[in-house]
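Notes to accompany the following structure.
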Amino acid sequence: MSYIPPVSLGLPWYPAASHGGQFASPPPRQIVIHSCECPLTAGIAKSLAGPNWFGGTAAGTSPHGMFDQTGGVEEVHTDTIAWHCGNGNNTSVGYEHAGYAAFTRAEWTTDAGLAMLHASAKTTAKVAKALGIPGRWLSVAEVADNVQGFCTHNDMRLARGGTTHTDPGPNFPYDLYMQYVTAAMTGGSTTPPQQGDVLDMDAKELSDLIDQRLKVALGNDYAGAPLQKVVAAGPPSSRAASKVRDMAGGTGGLAGHALTQGEKLQALLDHFEIKLP
Ligand SMILES: [Zn+2]
């Protein structure tokens with residue numbers, strides 16, 4: 001066993017009453033995203049961290065921290081096991097977000113929601129960097145295999161069990177969140193590049209990025225998804241839907257058409273309005 005010192009997060013410290021002992025070696029490998037099933041209101045993270053919930057014996061559970069639009073609080077240090085995702089507790093750190101698993105994307109991406117996601121991503125990027133966790137979104141199979149990366153409470157439920165929660169729900173904007181995390185980890189900006197930069201991207205980077213977006217759009221069934229399914233998962237008004245149909249040689253003709261890899265990648269980029277880093 002080796003001791004992994006806590007990552008210094010610079011957040012107000014509100015110790016949770018319930019938690020486990022220190023992580024053994026290896027250090028935590030997943031960063032788990034939760035929704036707290038509470039309203040997205042200013043100050044609720046501090047309020048729930050108090051003696052009436054996580055700070056006292058009422059909750060019986062604990063996140064490593066929680067965020068709302070005014071910022072975040074730390075409740076369990078990253079060297080200590082929190083009780084947030086059943087059988088996944090021993091390999092992960094978990095952060096709560098004000099909001100509900102039933103939220104629509106529009107509800108997650110209000111000004112308040114985006115402020116919360118930015119604050120959270122800034123913190124989880126810090127944790128990821130310190131623990132050597134890459135800024136990538138995991139499939140359920142990868143979570144089961146204890147691969148390093150980001151996932152949801154629901155992914156932990158599916159991969160490891162010992163918990164019944166399905167948060168933060170299918171409409172949590174993972175794509176935006178991971179953009180913020182990546183930007184914070186690299187110290188870069190999220191400014192979209194000029195047209196044409198696609199061609200300058202390393203093929204591996206491009207393929208990783210598309211993989212990540214497909215996982216976000218299709219859930220963990222994305223692997224091997226036919227192009228029709230990819231198109232169906234995107235916004236119905238997407239210009240790319242008709243573009244893909246055009247390339248396939250007419251309406252409804254996708255099934256038999258083999259797009260070149262380049263056509264497919266470009267269609268996917270357009271379809272999901274992917275802003276390249
Ligand atoms: Zn949860």
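Just remember, in the structure tokens the first chain shown is A, the second B, etc., residues are 1-based per chain, and ligands are 1-based in the order shown.
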
| task | Write down as a PyMOL selection string the residues belonging to stretch 13-199 of chain A that are assigned strand (DSSP E or B) by DSSP computed on the backbone. | result | chain A and resi 13+22+30-33+38+65-68+71-74+80+92-97+99+137+149-152

Environment of ligand 1 within 10 Å, counting only C-alpha atoms and all ligand atoms, reported as a compact mmCIF listing (two decimals) with N, CA and C atoms, in the first residue's frame:
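Produced file pocket_39.txt, reproduced below:
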```txt
# COMPACT_ATOMS: atom_id res chain seq x y z
N VAL A 32 -16.43 10.29 -10.91
CA VAL A 32 -17.84 9.94 -11.11
C VAL A 32 -18.71 11.20 -10.99
N ILE A 33 -19.54 11.41 -12.00
CA ILE A 33 -20.42 12.58 -12.05
C ILE A 33 -21.81 12.18 -11.53
N HIS A 34 -22.32 12.98 -10.59
CA HIS A 34 -23.64 12.73 -10.01
C HIS A 34 -24.54 13.95 -10.18
N SER A 35 -25.86 13.71 -10.13
CA SER A 35 -26.78 14.81 -9.85
C SER A 35 -27.39 14.51 -8.49
N CYS A 36 -27.57 15.56 -7.69
CA CYS A 36 -27.92 15.38 -6.29
C CYS A 36 -29.43 15.19 -6.07
N GLU A 37 -30.21 15.32 -7.16
CA GLU A 37 -31.67 15.23 -7.05
C GLU A 37 -32.20 16.29 -6.08
N SER A 62 -21.85 10.10 1.07
CA SER A 62 -21.00 11.28 0.93
C SER A 62 -20.43 11.38 -0.47
N PRO A 63 -20.36 12.60 -1.02
CA PRO A 63 -19.59 12.83 -2.22
C PRO A 63 -18.23 13.41 -1.82
N TRP A 83 -18.68 7.55 0.12
CA TRP A 83 -19.75 6.57 -0.11
C TRP A 83 -20.75 7.17 -1.10
N HIS A 84 -20.43 7.00 -2.39
CA HIS A 84 -21.26 7.68 -3.41
C HIS A 84 -21.75 6.77 -4.53
N CYS A 85 -21.13 5.63 -4.76
CA CYS A 85 -21.58 4.84 -5.92
C CYS A 85 -21.40 3.34 -5.71
N GLY A 86 -21.83 2.85 -4.56
CA GLY A 86 -21.88 1.40 -4.32
C GLY A 86 -20.52 0.74 -4.50
N GLY A 94 -16.11 11.02 -6.38
CA GLY A 94 -17.41 11.39 -6.93
C GLY A 94 -17.81 12.80 -6.56
N TYR A 95 -18.39 13.51 -7.53
CA TYR A 95 -18.80 14.90 -7.30
C TYR A 95 -20.27 15.08 -7.66
N GLU A 96 -20.99 15.71 -6.74
CA GLU A 96 -22.42 15.96 -6.90
C GLU A 96 -22.65 17.29 -7.60
N HIS A 97 -23.78 17.35 -8.31
CA HIS A 97 -24.19 18.58 -8.99
C HIS A 97 -25.64 18.84 -8.65
N ALA A 101 -31.73 14.03 -12.31
CA ALA A 101 -31.48 13.09 -13.42
C ALA A 101 -32.53 13.25 -14.52
N THR A 152 -20.42 8.19 -15.12
CA THR A 152 -21.55 8.61 -14.27
C THR A 152 -21.81 7.59 -13.17
N HIS A 153 -22.62 8.01 -12.23
CA HIS A 153 -23.10 7.09 -11.19
C HIS A 153 -23.82 5.92 -11.87
N ASN A 154 -24.64 6.24 -12.88
CA ASN A 154 -25.36 5.18 -13.59
C ASN A 154 -24.41 4.18 -14.24
N MET A 156 -21.48 3.37 -13.15
CA MET A 156 -20.97 2.54 -12.06
C MET A 156 -22.01 1.49 -11.66
N ARG A 157 -23.29 1.88 -11.65
CA ARG A 157 -24.36 0.93 -11.33
C ARG A 157 -24.34 -0.22 -12.33
N THR A 163 -25.60 -0.37 -6.14
CA THR A 163 -26.26 0.93 -6.07
C THR A 163 -27.41 0.91 -7.07
N THR A 164 -28.46 1.70 -6.78
CA THR A 164 -29.63 1.68 -7.65
C THR A 164 -29.81 2.99 -8.41
N HIS A 165 -28.94 3.95 -8.19
CA HIS A 165 -29.16 5.28 -8.77
C HIS A 165 -28.79 5.35 -10.25
N THR A 166 -29.52 6.19 -10.99
CA THR A 166 -29.29 6.32 -12.44
C THR A 166 -28.83 7.72 -12.81
N ASP A 167 -28.44 8.53 -11.82
CA ASP A 167 -28.03 9.91 -12.11
C ASP A 167 -26.68 9.94 -12.82
N PRO A 168 -26.35 11.04 -13.50
CA PRO A 168 -27.10 12.29 -13.62
C PRO A 168 -28.07 12.33 -14.80
N GLY A 169 -28.46 11.17 -15.31
CA GLY A 169 -29.49 11.12 -16.35
C GLY A 169 -28.94 11.29 -17.76
```

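Going from atom CA of A:Leu114 to atom CA of A:Ser47 covers 20.1 Å.
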
| message | Can you tell me which residues surround stretch 13-25 of chain A at a distance of at most 7 Å, considering only C-alpha atoms, apart from same-chain residues fewer than 5 positions away, and format the answer as an MDAnalysis selection string? | response | chainID A and resid 1:3 49 54:57 60:62 73:76 79:83 90

| request: For atom CA of A:Asn87 and atom CA of A:Asp145, determine how far apart the two atoms are, in Å to one decimal place. | output: 13.0 Å

| With only C-alpha atoms as the atoms that count, which of A:Ser8, A:Thr70, A:Thr41, A:Gln148 lies nearest to A:Pro134? |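 Result for the nearest residue to A:Pro134: A:Gln148.
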
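For the atom pair formed by atom CA of A:Gly88 and atom CA of A:His64, the distance is 13.4 Å, given to one decimal.
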
| message | Need to verify the contact set: A:Ile31, 8 Å, only C-alpha atoms, exclusion of same-chain residues closer than 6 positions in sequence. Can you return it as a list in words? | response | Ser92, Val93, Gly94, Tyr95, Thr124, Ala128, Gly149, Phe150 and Cys151 of chain A

With N, CA and C atoms retained, write the just-selected residues as a PDB file, in the first residue's frame.
```
ATOM      1  N   SER A  92     -12.897   5.180  -6.996  1.00  0.00           N
ATOM      2  CA  SER A  92     -13.308   6.434  -7.637  1.00  0.00           C
ATOM      3  C   SER A  92     -13.493   7.577  -6.653  1.00  0.00           C
ATOM      4  N   VAL A  93     -13.450   8.776  -7.196  1.00  0.00           N
ATOM      5  CA  VAL A  93     -13.920   9.951  -6.467  1.00  0.00           C
ATOM      6  C   VAL A  93     -15.209  10.406  -7.143  1.00  0.00           C
ATOM      7  N   GLY A  94     -16.114  11.016  -6.375  1.00  0.00           N
ATOM      8  CA  GLY A  94     -17.411  11.390  -6.931  1.00  0.00           C
ATOM      9  C   GLY A  94     -17.811  12.804  -6.563  1.00  0.00           C
ATOM     10  N   TYR A  95     -18.392  13.509  -7.526  1.00  0.00           N
ATOM     11  CA  TYR A  95     -18.802  14.899  -7.302  1.00  0.00           C
ATOM     12  C   TYR A  95     -20.266  15.079  -7.656  1.00  0.00           C
ATOM     13  N   THR A 124     -12.570  19.058 -11.240  1.00  0.00           N
ATOM     14  CA  THR A 124     -12.288  17.660 -11.610  1.00  0.00           C
ATOM     15  C   THR A 124     -11.076  17.584 -12.537  1.00  0.00           C
ATOM     16  N   ALA A 128      -8.038  15.191 -11.888  1.00  0.00           N
ATOM     17  CA  ALA A 128      -7.593  14.271 -12.949  1.00  0.00           C
ATOM     18  C   ALA A 128      -6.103  14.439 -13.197  1.00  0.00           C
ATOM     19  N   GLY A 149     -10.654   7.317 -16.126  1.00  0.00           N
ATOM     20  CA  GLY A 149     -11.407   8.315 -16.886  1.00  0.00           C
ATOM     21  C   GLY A 149     -12.624   8.793 -16.115  1.00  0.00           C
ATOM     22  N   PHE A 150     -13.547   9.414 -16.846  1.00  0.00           N
ATOM     23  CA  PHE A 150     -14.759   9.985 -16.261  1.00  0.00           C
ATOM     24  C   PHE A 150     -15.962   9.104 -16.591  1.00  0.00           C
ATOM     25  N   CYS A 151     -16.915   9.030 -15.665  1.00  0.00           N
ATOM     26  CA  CYS A 151     -18.142   8.272 -15.922  1.00  0.00           C
ATOM     27  C   CYS A 151     -19.244   8.808 -15.011  1.00  0.00           C
TER      28      CYS A 151
END
```

| task | Determine which residues of stretch 104-188 of chain A receive a DSSP assignment of helix (DSSP H, G or I), computed from the backbone, and state them as number ranges by chain. | result | A: 105-108, 111-131, 140-144, 153-160, 174-186

Write out, as a PDB file, in the first residue's frame, the residues just selected, with C-alpha atoms.
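So the final result, stored in out.pdb, reads:
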```
ATOM      1  CA  ARG A 105     -30.432  19.372 -21.754  1.00  0.00           C
ATOM      2  CA  ALA A 106     -32.015  22.846 -21.722  1.00  0.00           C
ATOM      3  CA  GLU A 107     -32.384  22.639 -17.940  1.00  0.00           C
ATOM      4  CA  TRP A 108     -28.726  21.628 -17.515  1.00  0.00           C
ATOM      5  CA  ASP A 111     -26.728  30.179 -17.255  1.00  0.00           C
ATOM      6  CA  ALA A 112     -26.815  28.715 -13.744  1.00  0.00           C
ATOM      7  CA  GLY A 113     -26.230  25.204 -15.053  1.00  0.00           C
ATOM      8  CA  LEU A 114     -23.267  26.224 -17.202  1.00  0.00           C
ATOM      9  CA  ALA A 115     -21.714  28.183 -14.337  1.00  0.00           C
ATOM     10  CA  MET A 116     -21.975  25.056 -12.190  1.00  0.00           C
ATOM     11  CA  LEU A 117     -20.479  22.816 -14.879  1.00  0.00           C
ATOM     12  CA  HIS A 118     -17.564  25.214 -15.375  1.00  0.00           C
ATOM     13  CA  ALA A 119     -16.856  25.289 -11.637  1.00  0.00           C
ATOM     14  CA  SER A 120     -17.061  21.511 -11.415  1.00  0.00           C
ATOM     15  CA  ALA A 121     -14.902  20.901 -14.501  1.00  0.00           C
ATOM     16  CA  LYS A 122     -12.221  23.222 -13.167  1.00  0.00           C
ATOM     17  CA  THR A 123     -12.050  21.109 -10.018  1.00  0.00           C
ATOM     18  CA  THR A 124     -12.288  17.660 -11.610  1.00  0.00           C
ATOM     19  CA  ALA A 125      -9.617  18.684 -14.143  1.00  0.00           C
ATOM     20  CA  LYS A 126      -7.356  19.467 -11.187  1.00  0.00           C
ATOM     21  CA  VAL A 127      -8.104  16.070  -9.627  1.00  0.00           C
ATOM     22  CA  ALA A 128      -7.593  14.271 -12.949  1.00  0.00           C
ATOM     23  CA  LYS A 129      -4.252  15.947 -13.582  1.00  0.00           C
ATOM     24  CA  ALA A 130      -2.981  15.241 -10.083  1.00  0.00           C
ATOM     25  CA  LEU A 131      -4.030  11.582 -10.152  1.00  0.00           C
ATOM     26  CA  VAL A 140     -19.577   0.860 -19.164  1.00  0.00           C
ATOM     27  CA  ALA A 141     -17.211  -1.928 -20.229  1.00  0.00           C
ATOM     28  CA  GLU A 142     -14.236   0.310 -19.473  1.00  0.00           C
ATOM     29  CA  VAL A 143     -15.683   1.217 -16.077  1.00  0.00           C
ATOM     30  CA  ALA A 144     -16.046  -2.509 -15.358  1.00  0.00           C
ATOM     31  CA  HIS A 153     -23.103   7.093 -11.193  1.00  0.00           C
ATOM     32  CA  ASN A 154     -25.360   5.176 -13.587  1.00  0.00           C
ATOM     33  CA  ASP A 155     -22.312   3.765 -15.413  1.00  0.00           C
ATOM     34  CA  MET A 156     -20.972   2.541 -12.057  1.00  0.00           C
ATOM     35  CA  ARG A 157     -24.358   0.929 -11.326  1.00  0.00           C
ATOM     36  CA  LEU A 158     -24.301  -0.899 -14.658  1.00  0.00           C
ATOM     37  CA  ALA A 159     -20.624  -1.868 -14.422  1.00  0.00           C
ATOM     38  CA  ARG A 160     -20.214  -2.710 -10.731  1.00  0.00           C
ATOM     39  CA  TYR A 174     -21.329  15.314 -21.037  1.00  0.00           C
ATOM     40  CA  ASP A 175     -20.033  16.796 -24.277  1.00  0.00           C
ATOM     41  CA  LEU A 176     -19.859  20.324 -22.862  1.00  0.00           C
ATOM     42  CA  TYR A 177     -18.599  19.102 -19.535  1.00  0.00           C
ATOM     43  CA  MET A 178     -15.707  17.193 -21.079  1.00  0.00           C
ATOM     44  CA  GLN A 179     -14.868  20.194 -23.271  1.00  0.00           C
ATOM     45  CA  TYR A 180     -14.528  22.263 -20.098  1.00  0.00           C
ATOM     46  CA  VAL A 181     -12.469  19.547 -18.407  1.00  0.00           C
ATOM     47  CA  THR A 182     -10.141  19.191 -21.379  1.00  0.00           C
ATOM     48  CA  ALA A 183      -9.702  22.948 -21.652  1.00  0.00           C
ATOM     49  CA  ALA A 184      -8.911  23.199 -17.939  1.00  0.00           C
ATOM     50  CA  MET A 185      -6.470  20.271 -18.083  1.00  0.00           C
ATOM     51  CA  THR A 186      -4.560  21.653 -21.049  1.00  0.00           C
TER      52      THR A 186
END
```

| said: I'd like the neighbourhood of A:Val147 as an NGL selection string, where a residue qualifies if any of its atoms comes within 8 Å (using only C-alpha atoms), though same-chain residues fewer than 5 positions away should be ignored. | reply: :A and (29-30 or 138 or 142)

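Minimum distance to A:Lys46 across A:Ile133, A:Met66, A:Ile4, A:Ala102 (counting only C-alpha atoms) occurs at A:Met66.
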
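Among the candidate residues A:Pro12, A:Gly132, A:Ala98, A:Leu40, the one lying nearest to A:Pro27 is A:Gly132, with distances computed using only C-alpha atoms.
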